[in-house]
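Below is the file query-v1.txt, which contains compact mmCIF, C-alpha atoms.
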```
# COMPACT_ATOMS: atom_id res chain seq x y z
CA MET L 1 0.00 0.00 0.00
CA ALA L 2 2.86 2.41 0.86
CA ARG L 3 4.39 2.03 -2.59
CA ARG L 4 1.07 2.45 -4.32
CA LEU L 5 0.37 5.62 -2.32
CA PHE L 6 3.89 6.96 -2.84
CA ASP L 7 3.85 6.33 -6.60
CA SER L 8 0.42 7.86 -7.04
CA TYR L 9 1.41 10.89 -4.95
CA VAL L 10 4.53 11.52 -7.06
CA VAL L 11 2.37 11.33 -10.18
CA LEU L 12 -0.07 13.74 -8.50
CA VAL L 13 2.74 16.21 -7.74
CA PHE L 14 3.89 16.32 -11.36
CA THR L 15 0.35 16.42 -12.73
CA THR L 16 -0.63 19.37 -10.53
CA LEU L 17 2.63 21.12 -11.43
CA ALA L 18 1.76 20.72 -15.10
CA ALA L 19 -1.70 22.15 -14.39
CA THR L 20 -0.36 24.95 -12.22
CA ALA L 21 -2.51 27.65 -13.78
CA CYS L 22 -5.73 25.60 -13.42
CA ASP L 23 -6.64 25.64 -9.75
CA GLN L 24 -9.84 23.68 -10.25
CA VAL L 25 -8.02 20.84 -12.00
CA ALA L 26 -5.39 20.71 -9.25
CA ALA L 27 -8.07 20.71 -6.55
CA ALA L 28 -10.03 17.95 -8.32
CA LEU L 29 -6.89 15.83 -8.74
CA SER L 30 -5.89 16.19 -5.10
CA ALA L 31 -9.45 15.36 -4.00
CA ALA L 32 -9.38 12.25 -6.22
CA TRP L 33 -6.08 11.20 -4.66
CA LEU L 34 -7.54 11.67 -1.17
CA MET L 35 -10.45 9.41 -2.14
CA PHE L 36 -7.96 6.87 -3.48
CA ALA L 37 -5.99 7.02 -0.19
CA LEU L 38 -9.22 6.58 1.77
CA GLY L 39 -10.04 3.55 -0.37
CA CYS L 40 -6.57 2.12 0.24
CA GLY L 41 -7.04 2.56 3.99
CA ALA L 42 -10.48 0.93 3.85
CA HIS L 43 -9.08 -1.96 1.82
CA ALA L 44 -6.34 -2.46 4.39
CA GLY L 45 -8.92 -2.50 7.17
CA TRP L 46 -11.06 -4.97 5.22
CA ARG L 47 -8.08 -7.25 4.70
CA GLY L 48 -7.39 -7.30 8.42
CA TRP L 49 -4.33 -5.03 8.61
CA ARG L 50 -3.35 -3.85 12.06
CA GLY L 51 -3.47 -0.14 12.85
CA ARG L 52 0.29 0.18 13.30
CA TRP L 53 0.89 -1.37 9.87
CA VAL L 54 -1.29 1.36 8.37
CA VAL L 55 0.62 4.02 10.33
CA GLN L 56 3.91 2.57 9.06
CA ALA L 57 2.61 2.55 5.48
CA ALA L 58 1.38 6.15 5.81
CA TRP L 59 4.78 7.20 7.15
CA ALA L 60 6.60 5.44 4.32
CA ALA L 61 4.28 6.90 1.68
CA GLN L 62 4.86 10.45 2.96
CA ALA L 63 8.48 9.98 4.05
CA PRO L 64 9.83 12.83 1.85
CA GLY L 65 7.17 15.13 3.28
CA TRP L 66 8.14 14.25 6.88
CA VAL L 67 11.85 14.72 6.18
CA LEU L 68 11.41 17.98 4.27
CA ALA L 69 8.99 19.47 6.81
CA GLY L 70 11.35 18.59 9.66
CA ALA L 71 14.41 19.87 7.83
CA SER L 72 12.80 23.15 6.79
CA LEU L 73 11.55 23.73 10.35
CA ALA L 74 15.00 22.96 11.73
CA LEU L 75 16.75 25.20 9.20
CA ALA L 76 14.21 28.02 9.39
CA ALA L 77 16.44 30.00 11.73
CA GLN L 78 19.17 30.21 9.09
CA ASP L 79 18.08 33.12 6.96
CA GLY L 80 18.20 32.11 3.31
CA GLY L 81 20.18 28.94 3.97
CA ASN L 82 17.34 26.53 3.35
CA GLU L 83 15.93 27.75 0.05
CA TRP L 84 16.33 24.33 -1.58
CA CYS L 85 14.73 22.57 1.37
CA ASN L 86 11.80 25.01 1.36
CA GLY L 87 11.51 24.79 -2.40
CA VAL L 88 11.41 21.00 -2.53
CA PHE L 89 9.00 20.90 0.42
CA GLN L 90 6.75 23.34 -1.40
CA LEU L 91 6.91 21.11 -4.48
CA TRP L 92 5.97 18.10 -2.34
CA VAL L 93 2.88 19.78 -0.89
CA HIS L 94 2.02 21.52 -4.16
CA PRO L 95 -1.03 19.28 -4.86
CA PHE L 96 -2.63 20.80 -1.77
CA SER L 97 -1.66 24.41 -2.45
CA THR L 98 -5.16 25.22 -3.70
CA TRP L 99 -6.44 24.07 -0.29
CA LEU L 100 -3.61 25.72 1.64
CA ARG L 101 -4.46 29.14 0.25
CA MET L 102 -7.77 28.90 2.11
CA VAL L 103 -5.93 28.87 5.44
CA PRO L 104 -6.53 32.24 7.16
CA PRO L 105 -3.51 34.49 6.60
CA GLY L 106 -1.28 34.99 9.59
CA VAL L 107 2.19 34.66 11.03
CA TRP L 108 2.98 32.70 14.20
CA HIS L 109 6.49 33.01 15.67
CA GLY L 110 7.78 33.92 12.23
CA PHE L 111 6.08 31.00 10.48
CA SER L 112 3.26 31.67 8.06
CA SER L 113 -0.01 29.89 8.79
CA SER L 114 -0.03 28.22 5.35
CA TYR L 115 3.45 26.80 5.95
CA LEU L 116 2.41 25.40 9.34
CA ALA L 117 -0.67 23.89 7.70
CA ALA L 118 1.58 22.35 5.03
CA CYS L 119 3.68 20.77 7.79
CA LEU L 120 0.49 19.05 8.96
CA ILE L 121 -0.09 17.40 5.57
CA PRO L 122 2.12 14.30 6.12
CA PRO L 123 0.52 13.45 9.50
CA GLY L 124 -2.85 14.46 8.06
CA VAL L 125 -2.49 11.89 5.30
CA GLY L 126 -1.73 9.29 7.98
CA ALA L 127 -4.84 10.25 9.93
CA TRP L 128 -6.89 10.13 6.72
CA LEU L 129 -5.62 6.61 5.99
CA LEU L 130 -6.48 5.57 9.54
CA CYS L 131 -10.02 6.90 9.00
CA GLY L 132 -10.33 4.70 5.92
CA TRP L 133 -8.81 1.78 7.78
CA ALA L 134 -11.30 2.22 10.65
CA GLY L 135 -14.13 2.22 8.11
CA GLY L 136 -12.80 -0.98 6.56
CA VAL L 137 -12.47 -2.64 9.97
CA MET L 138 -16.02 -1.61 10.91
CA THR L 139 -17.45 -2.87 7.62
CA ARG L 140 -15.65 -6.15 8.04
CA GLY L 141 -16.96 -6.48 11.59
CA MET L 142 -20.51 -5.69 10.50
CA VAL L 143 -20.40 -8.19 7.66
CA ASN L 144 -18.95 -10.90 9.90
CA HIS L 145 -21.64 -10.19 12.46
CA ALA L 146 -24.37 -10.30 9.81
CA VAL L 147 -23.13 -13.62 8.50
CA ARG L 148 -23.03 -15.07 12.00
CA VAL L 149 -26.57 -13.88 12.74
CA GLN L 150 -27.86 -15.12 9.41
CA ARG L 151 -26.47 -18.54 10.07
CA ALA L 152 -27.67 -18.66 13.65
CA ASP L 153 -31.19 -17.34 13.29
CA PRO L 154 -32.18 -16.04 9.82
CA PRO L 155 -35.94 -15.38 10.21
CA ARG L 156 -35.83 -13.34 13.43
CA SER L 157 -32.93 -11.05 12.54
CA ARG L 158 -33.58 -7.33 13.17
CA GLY L 159 -31.61 -4.06 13.26
CA LEU L 160 -28.87 -2.57 11.08
CA PRO L 161 -26.41 -5.50 10.88
CA TRP L 162 -29.28 -7.95 10.44
CA GLN L 163 -30.65 -5.93 7.56
CA VAL L 164 -27.53 -6.64 5.56
CA SER L 165 -28.29 -10.33 5.57
CA LYS L 166 -31.98 -9.67 5.14
CA ILE L 167 -31.64 -7.52 2.01
CA LEU L 168 -28.70 -9.30 0.49
CA PRO L 169 -28.77 -12.82 1.87
CA HIS L 170 -26.15 -14.18 -0.48
CA ALA L 171 -23.90 -11.13 -0.70
CA ALA L 172 -22.79 -11.38 2.89
CA SER L 173 -21.82 -15.02 2.46
CA ARG L 174 -19.90 -14.14 -0.68
CA MET L 175 -18.03 -11.38 1.09
CA ARG L 176 -17.19 -13.79 3.86
CA LEU L 177 -15.85 -16.23 1.27
CA SER L 178 -13.73 -13.53 -0.35
CA LEU L 179 -12.35 -12.65 3.07
CA ARG L 180 -11.28 -16.23 3.63
CA ARG L 181 -9.67 -16.29 0.21
CA THR L 182 -7.59 -13.18 0.90
CA LYS L 183 -6.51 -14.64 4.21
CA ASN L 184 -5.22 -17.73 2.44
CA MET P 1 -5.24 -15.70 -7.21
CA ARG P 2 -1.91 -14.22 -6.22
CA ARG P 3 -1.54 -10.51 -6.86
CA VAL P 4 1.51 -9.50 -8.89
CA CYS P 5 3.49 -6.63 -7.40
CA HIS P 6 5.85 -4.73 -9.66
CA PRO P 7 9.48 -4.62 -8.54
CA TYR P 8 11.31 -1.56 -7.25
CA TRP P 9 13.41 -1.21 -10.38
CA MET P 10 10.32 -0.10 -12.28
CA GLU P 11 9.90 2.85 -9.94
CA CYS P 12 13.58 3.69 -10.22
CA ALA P 13 13.35 3.44 -14.02
CA GLY P 14 10.30 5.71 -14.02
CA LEU P 15 12.07 8.35 -11.92
CA ALA P 16 15.20 8.07 -14.09
CA ALA P 17 13.08 8.53 -17.22
CA LEU P 18 11.45 11.60 -15.67
CA LEU P 19 14.83 13.09 -14.82
CA ALA P 20 16.04 12.35 -18.34
CA VAL P 21 13.04 14.18 -19.82
CA ILE P 22 13.71 17.19 -17.56
CA LEU P 23 17.40 17.24 -18.50
CA LEU P 24 16.60 16.91 -22.20
CA PHE P 25 14.10 19.75 -21.97
CA ALA P 26 16.62 21.91 -20.16
CA TRP P 27 19.67 21.23 -22.30
CA LEU P 28 18.57 20.08 -25.76
CA PRO P 29 19.37 22.94 -28.17
CA VAL P 30 15.85 23.26 -29.54
CA PRO P 31 14.98 26.85 -30.50
CA MET P 32 12.12 28.32 -28.51
CA PRO P 33 10.33 31.63 -28.97
CA PRO P 34 12.32 34.23 -27.02
CA GLY P 35 10.45 35.78 -24.14
CA SER P 36 7.88 32.98 -24.03
CA ASP P 37 6.92 31.14 -20.84
CA ILE P 38 8.36 27.85 -22.07
CA ALA P 39 11.71 29.52 -22.84
CA PHE P 40 11.70 31.01 -19.36
CA ALA P 41 10.85 27.62 -17.81
CA ARG P 42 13.77 26.10 -19.70
CA THR P 43 16.14 28.81 -18.47
CA VAL P 44 15.07 28.21 -14.88
CA LEU P 45 15.38 24.42 -15.22
CA ARG P 46 18.80 24.81 -16.81
CA GLY P 47 19.92 26.92 -13.87
CA MET P 48 18.48 24.48 -11.37
CA THR P 49 20.33 21.55 -12.93
CA MET P 50 23.50 23.60 -12.30
CA GLY P 51 22.55 23.97 -8.63
CA ARG P 52 21.22 27.51 -8.94
CA LEU P 53 18.01 28.79 -7.39
CA ASN P 54 17.71 32.14 -5.60
CA GLY P 55 21.37 33.06 -5.90
CA ALA P 56 24.30 32.65 -3.54
CA VAL P 57 23.90 34.64 -0.32
CA PRO P 58 27.19 36.19 0.90
CA ALA P 59 28.19 35.51 4.50
CA VAL P 60 28.98 39.17 5.24
CA PRO P 61 26.97 42.30 4.43
CA ARG P 62 27.93 43.60 0.99
CA ILE P 63 25.89 46.73 0.47
CA GLN P 64 25.06 49.79 2.55
CA ILE P 65 21.39 50.63 2.05
CA SER P 66 20.59 52.09 5.46
CA ALA P 67 20.74 55.58 3.91
CA TRP P 68 17.89 54.58 1.61
CA GLN P 69 15.49 55.03 4.50
CA ARG P 70 15.75 58.77 3.84
CA LEU P 71 15.63 58.38 0.07
CA ALA P 72 12.84 55.87 -0.30
CA GLU P 73 9.15 56.69 -0.31
CA PRO P 74 6.23 54.34 0.30
CA GLY P 75 5.47 52.43 -2.90
CA ASP P 76 9.07 52.41 -4.16
CA VAL P 77 10.34 49.15 -5.57
CA LEU P 78 13.66 47.65 -4.50
CA VAL P 79 15.38 44.95 -6.53
CA PHE P 80 18.35 42.90 -5.34
CA HIS P 81 20.99 40.86 -7.09
CA ASN P 82 23.04 37.89 -6.02
CA PRO P 83 25.15 35.79 -8.40
CA HIS P 84 24.01 32.35 -9.60
CA CYS P 85 20.30 33.10 -9.68
CA ALA P 86 18.34 30.66 -11.86
CA TYR P 87 15.65 33.01 -13.14
CA GLY P 88 17.44 36.22 -14.00
CA TYR P 89 19.94 38.87 -13.04
CA TRP P 90 17.82 40.43 -10.27
CA SER P 91 16.96 37.73 -7.76
CA HIS P 92 14.52 39.52 -5.46
CA ALA P 93 12.04 42.40 -5.41
CA VAL P 94 10.24 44.09 -2.52
CA LEU P 95 7.94 47.05 -2.04
CA TYR P 96 8.89 49.84 0.36
CA ALA P 97 6.20 50.39 2.99
CA GLY P 98 7.76 53.37 4.78
CA GLY P 99 9.67 53.89 8.03
CA GLY P 100 12.47 51.51 7.04
CA TRP P 101 10.15 48.57 6.44
CA VAL P 102 9.43 46.66 3.25
CA ILE P 103 6.68 44.23 2.26
CA ASP P 104 8.33 41.02 1.16
CA ALA P 105 6.88 37.74 -0.13
CA THR P 106 10.10 35.98 0.66
CA ASP P 107 9.72 32.23 1.07
CA PHE P 108 7.36 29.41 1.99
CA VAL P 109 8.25 29.49 5.70
CA ARG P 110 7.55 33.18 6.28
CA GLY P 111 5.01 33.89 3.55
CA THR P 112 4.31 37.55 2.87
CA THR P 113 5.76 39.60 5.68
CA LEU P 114 6.99 43.02 6.80
CA ARG P 115 10.78 43.11 7.13
CA PRO P 116 13.28 45.82 8.01
CA LEU P 117 15.34 47.20 5.17
CA SER P 118 18.54 46.26 6.97
CA VAL P 119 18.12 42.51 6.29
CA PHE P 120 18.75 43.14 2.60
CA GLN P 121 22.36 44.20 3.06
CA TYR P 122 23.28 40.56 2.39
CA TYR P 123 22.95 41.08 -1.34
CA GLU P 124 25.65 41.99 -3.82
CA LYS P 125 23.77 44.74 -5.58
CA ALA P 126 20.56 46.67 -5.10
CA ALA P 127 18.57 49.27 -6.96
CA LEU P 128 15.88 51.61 -5.68
CA LEU P 129 13.23 52.18 -8.33
CA ARG P 130 10.40 54.66 -8.31
CA PRO P 131 7.33 54.29 -10.52
CA ALA P 132 6.59 57.35 -12.59
CA VAL P 133 3.11 57.74 -11.16
CA PRO P 134 1.65 60.24 -8.65
CA ALA P 135 2.79 59.80 -5.05
CA ALA P 136 -0.80 59.09 -3.97
CA VAL P 137 -0.91 56.05 -6.27
CA ARG P 138 2.42 54.80 -4.87
CA ARG P 139 1.15 55.18 -1.30
CA GLN P 140 -2.06 53.39 -2.26
CA SER P 141 -0.13 50.46 -3.72
CA ALA P 142 1.97 50.26 -0.53
CA ARG P 143 -1.24 50.08 1.52
CA ILE P 144 -2.63 47.38 -0.80
CA ALA P 145 0.57 45.36 -0.44
CA GLN P 146 0.41 45.63 3.36
CA ALA P 147 -2.99 43.95 3.23
CA TYR P 148 -1.24 40.87 1.80
CA VAL P 149 0.93 40.35 4.91
CA GLY P 150 0.47 36.82 6.23
CA ARG P 151 -0.64 35.38 2.89
CA MET P 152 0.86 32.25 1.43
CA TYR P 153 4.05 32.25 -0.63
CA ASP P 154 3.80 30.26 -3.84
CA PRO P 155 6.13 30.75 -6.83
CA PHE P 156 3.67 28.84 -9.03
CA ALA P 157 0.71 31.10 -8.24
CA PRO P 158 -1.01 32.51 -11.32
CA LEU P 159 -1.46 36.29 -11.52
CA SER P 160 -5.21 35.90 -11.09
CA ASP P 161 -4.80 34.33 -7.63
CA ASP P 162 -4.72 36.97 -4.90
CA ARG P 163 -4.25 34.56 -2.01
CA ARG P 164 -0.80 33.32 -3.04
CA GLN P 165 2.09 35.64 -3.71
CA TYR P 166 5.74 35.67 -4.62
CA CYS P 167 8.10 38.63 -4.47
CA SER P 168 7.71 40.27 -7.86
CA LYS P 169 4.07 39.21 -8.23
CA LEU P 170 3.29 41.04 -4.98
CA VAL P 171 4.77 44.26 -6.38
CA TRP P 172 3.01 43.80 -9.71
CA THR P 173 -0.36 42.97 -8.07
CA ALA P 174 -0.20 45.93 -5.66
CA TYR P 175 0.31 48.36 -8.54
CA ARG P 176 -2.19 46.57 -10.75
CA ARG P 177 -4.85 46.97 -8.09
CA ALA P 178 -3.91 50.65 -7.84
CA GLY P 179 -4.56 50.94 -11.57
CA VAL P 180 -0.96 50.78 -12.85
CA THR P 181 0.41 47.94 -14.98
CA LEU P 182 4.17 47.90 -14.42
CA CYS P 183 4.78 45.27 -17.12
CA PRO P 184 2.59 43.14 -19.39
CA PRO P 185 0.99 40.18 -17.58
CA LYS P 186 2.48 36.72 -18.22
CA ALA P 187 2.75 33.38 -16.45
CA TRP P 188 5.64 34.46 -14.22
CA ILE P 189 6.58 38.01 -13.35
CA VAL P 190 10.25 38.06 -12.34
CA PRO P 191 12.29 40.94 -10.83
CA ASP P 192 13.98 41.47 -14.21
CA ASP P 193 10.58 42.31 -15.72
CA LEU P 194 10.05 44.98 -13.06
CA TYR P 195 13.53 46.40 -13.57
CA GLN P 196 12.99 46.64 -17.30
CA SER P 197 9.63 48.35 -16.89
CA ARG P 198 9.55 51.77 -18.55
CA LEU P 199 7.46 53.06 -15.67
CA LEU P 200 10.20 52.47 -13.11
CA GLN P 201 13.04 54.95 -12.77
CA VAL P 202 16.25 54.27 -10.90
CA VAL P 203 16.61 56.51 -7.84
CA ALA P 204 19.71 54.92 -6.32
CA LYS P 205 22.02 51.97 -6.72
CA ALA P 206 24.25 50.14 -4.31
CA GLY P 207 27.02 47.59 -4.66
CA GLY P 208 28.57 48.53 -7.96
CA PRO P 209 27.17 49.29 -11.37
CA ALA P 210 23.69 47.78 -11.43
CA GLY P 211 22.57 46.51 -14.80
CA ASP P 212 25.80 44.88 -15.89
CA GLY P 213 24.02 41.56 -16.19
CA ALA P 214 21.12 40.07 -18.07
CA ALA P 215 18.73 42.80 -17.00
CA GLY P 216 20.44 45.29 -19.28
CA PRO P 217 21.52 48.82 -18.50
CA LYS P 218 19.05 51.35 -17.18
CA GLU P 219 19.70 54.99 -16.72
CA GLY P 220 19.28 56.41 -13.27
```

Represent the supplied structure as structure tokens.
Amino acid sequence: MARRLFDSYVVLVFTTLAATACDQVAAALSAAWLMFALGCGAHAGWRGWRGRWVVQAAWAAQAPGWVLAGASLALAAQDGGNEWCNGVFQLWVHPFSTWLRMVPPGVWHGFSSSYLAACLIPPGVGAWLLCGWAGGVMTRGMVNHAVRVQRADPPRSRGLPWQVSKILPHAASRMRLSLRRTKN
Amino acid sequence: MRRVCHPYWMECAGLAALLAVILLFAWLPVPMPPGSDIAFARTVLRGMTMGRLNGAVPAVPRIQISAWQRLAEPGDVLVFHNPHCAYGYWSHAVLYAGGGWVIDATDFVRGTTLRPLSVFQYYEKAALLRPAVPAAVRRQSARIAQAYVGRMYDPFAPLSDDRRQYCSKLVWTAYRRAGVTLCPPKAWIVPDDLYQSRLLQVVAKAGGPAGDGAAGPKEG
């Protein structure tokens, strides 16, 4: 998952750089990537990944962002000495620049609010993946529960998880089967 | 069914191919229309492949511009030069706000900010330029630029975007909103464009004969 996210993010960076004059295109592309990342997280949750594996994958996928954000923060005191670090970090977060410009203007201890918001992008991507992962884990739990209830007592099943087996009696079993297959 | 995962060498090959395309674009001697955006992008990329970006900053102060506090008026434009700049002879431009302070869209960390004039003594050359417009218009543009303090710095921001600024775009936008077009609009406004503007007249220079580089001579 980390490689898939990293590769797609690099492609996103270059695509948004190519479409630098079209803010709407850049915003749509970054939104599509966020949906893709959410789907990756949900897929990981569905496949039974542990939370720390997802955190590790998110860290690996945004490793350049973490390193560049840390380095530019550390070098910020040196006036003019970190132009390359700042420049590459700005390139890395460029897909989100159309969102960053919506951050209220301001300066905090010499750091602009948009820069501080950009520093939050790598951990933000991790949190976003964890949201997807939690959704995947919940869906998996609900489906497992529905299958169990359907097998135990099909006619008297009620409530939200029971409805899954009620409306789609075969789908839940199929999903269960696909789960077993991925485990193997 | 077992899922096939592509090996790492494919990613490395992809990145290498991308770098090759960038290098070819930068260095292949293909004629491009002079003054066009693509020619400018190639010049910048060529400089960056040689390790150039904003120019080399000297370790000790090179120019004495403290006296400019008496000379400068709100709305004046200051341009600065350091060697090895990727995008032109003049590497930086700021707008004088008054009282020894300038409005500067300097980098991603600080964004658009108010800075004292004294921090710019770490440049090799400087020029103080005054737009040939009424003083009221200059003061108005200085006030407009001050309203941008705290906004995001983005060297890729199009001219139409008011929320993201870079140094020379800030100067250009402040005057544009005051009703003065310093130079024709294009994808990137660089300090050289401001220096070459017919509306800007040189009031003072520091650090040797300004205009001995790509920006061309300009009478003071």

Of the listed residues L:Leu5, L:Val93, L:Trp128, L:Val13, that which approaches Leu38 (chain L) most closely, counting all atoms listed in the file: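 Looking at the shortest contact to Leu38 (chain L), the residue is L:Trp128.
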
Pick out the closest residue to chain L from this set: P:Ala17, P:Ile103, P:Cys167, P:Met152. Count only C-alpha atoms. P:Met152

Looking at L:Pro104, L:Ala118, L:Met1, L:Thr16, which one is nearest to Ala44 (chain L), with distances taken over all atoms listed in the file? L:Met1

When you count all atoms listed in the file, which of these residues is closest to Ser36 (chain P): P:Phe80, P:Trp188, P:Tyr96, P:Tyr87?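 Looking at the shortest contact to Ser36 (chain P), the residue is P:Trp188.
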
Select all residues from chain P having any atom no more than 6 Å from an atom of chain L (counting all atoms listed in the file, ignoring ligands), output as JSON, numbers by chain. {"P": [109, 110, 111, 150, 151, 152, 158, 163]}

Would you work out the distance separating CA of Gln64 (chain P) from CA of Tyr89 (chain P), expressed in Å to one decimal?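 Interatomic distance here is 19.7 Å.
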
Straight-line distance linking CA of Gly45 (chain L) with CA of Val137 (chain L), stated in Å to one decimal: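 Interatomic distance, CA of Gly45 (chain L) to CA of Val137 (chain L): 4.5 Å.
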
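In this comparison, which uses all atoms listed in the file, the residue of P:Gly179, P:Gly88, P:Pro155, P:Gly207 approaching Ile63 (chain P) most closely is P:Gly207.
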
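Pairwise distance (CA of Ala41 (chain P), CA of Ala69 (chain L)) equals 26.0 Å.
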
Please provide as a ChimeraX atom specification all residues within 10 Å of Gly135 (chain L), with the sequence filter that same-chain residues fewer than 6 positions apart are discarded (counting all atoms listed in the file). /L:38-39,41-46,129,141

Near Ile22 (chain P), counting only C-alpha atoms, which residues have an atom at most 10 Å away, once you skip same-chain residues fewer than 4 positions from it, shown as a list in words?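 The residues satisfying every condition are Ala16, Ala17, Leu18, Ala26, Trp27, Leu28, Arg42, Leu45, Arg46 and Thr49 of chain P.
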
Can you work out which one of P:Trp68, P:Trp172, P:Phe156, P:Phe25 has the shortest atom-to-atom distance to Val94 (chain P), counting only C-alpha atoms?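 Ranked by minimum distance to Val94 (chain P), first place goes to P:Trp172.
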
Near-region 136-149 of chain P list (6 Å; only C-alpha atoms; drop same-chain fewer than 6 positions) as an MDAnalysis selection string: chainID P and resid 74:75 97 112:113 174:175 178

Within 8 Å of Leu12 (chain L) using only C-alpha atoms, minus same-chain residues under 2 positions, as a list in words: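 So, after excluding close chain neighbours, the residues are Ser8, Tyr9, Val10, Phe14, Thr15, Thr16, Leu29, Ser30, Trp33 and Pro95 of chain L.
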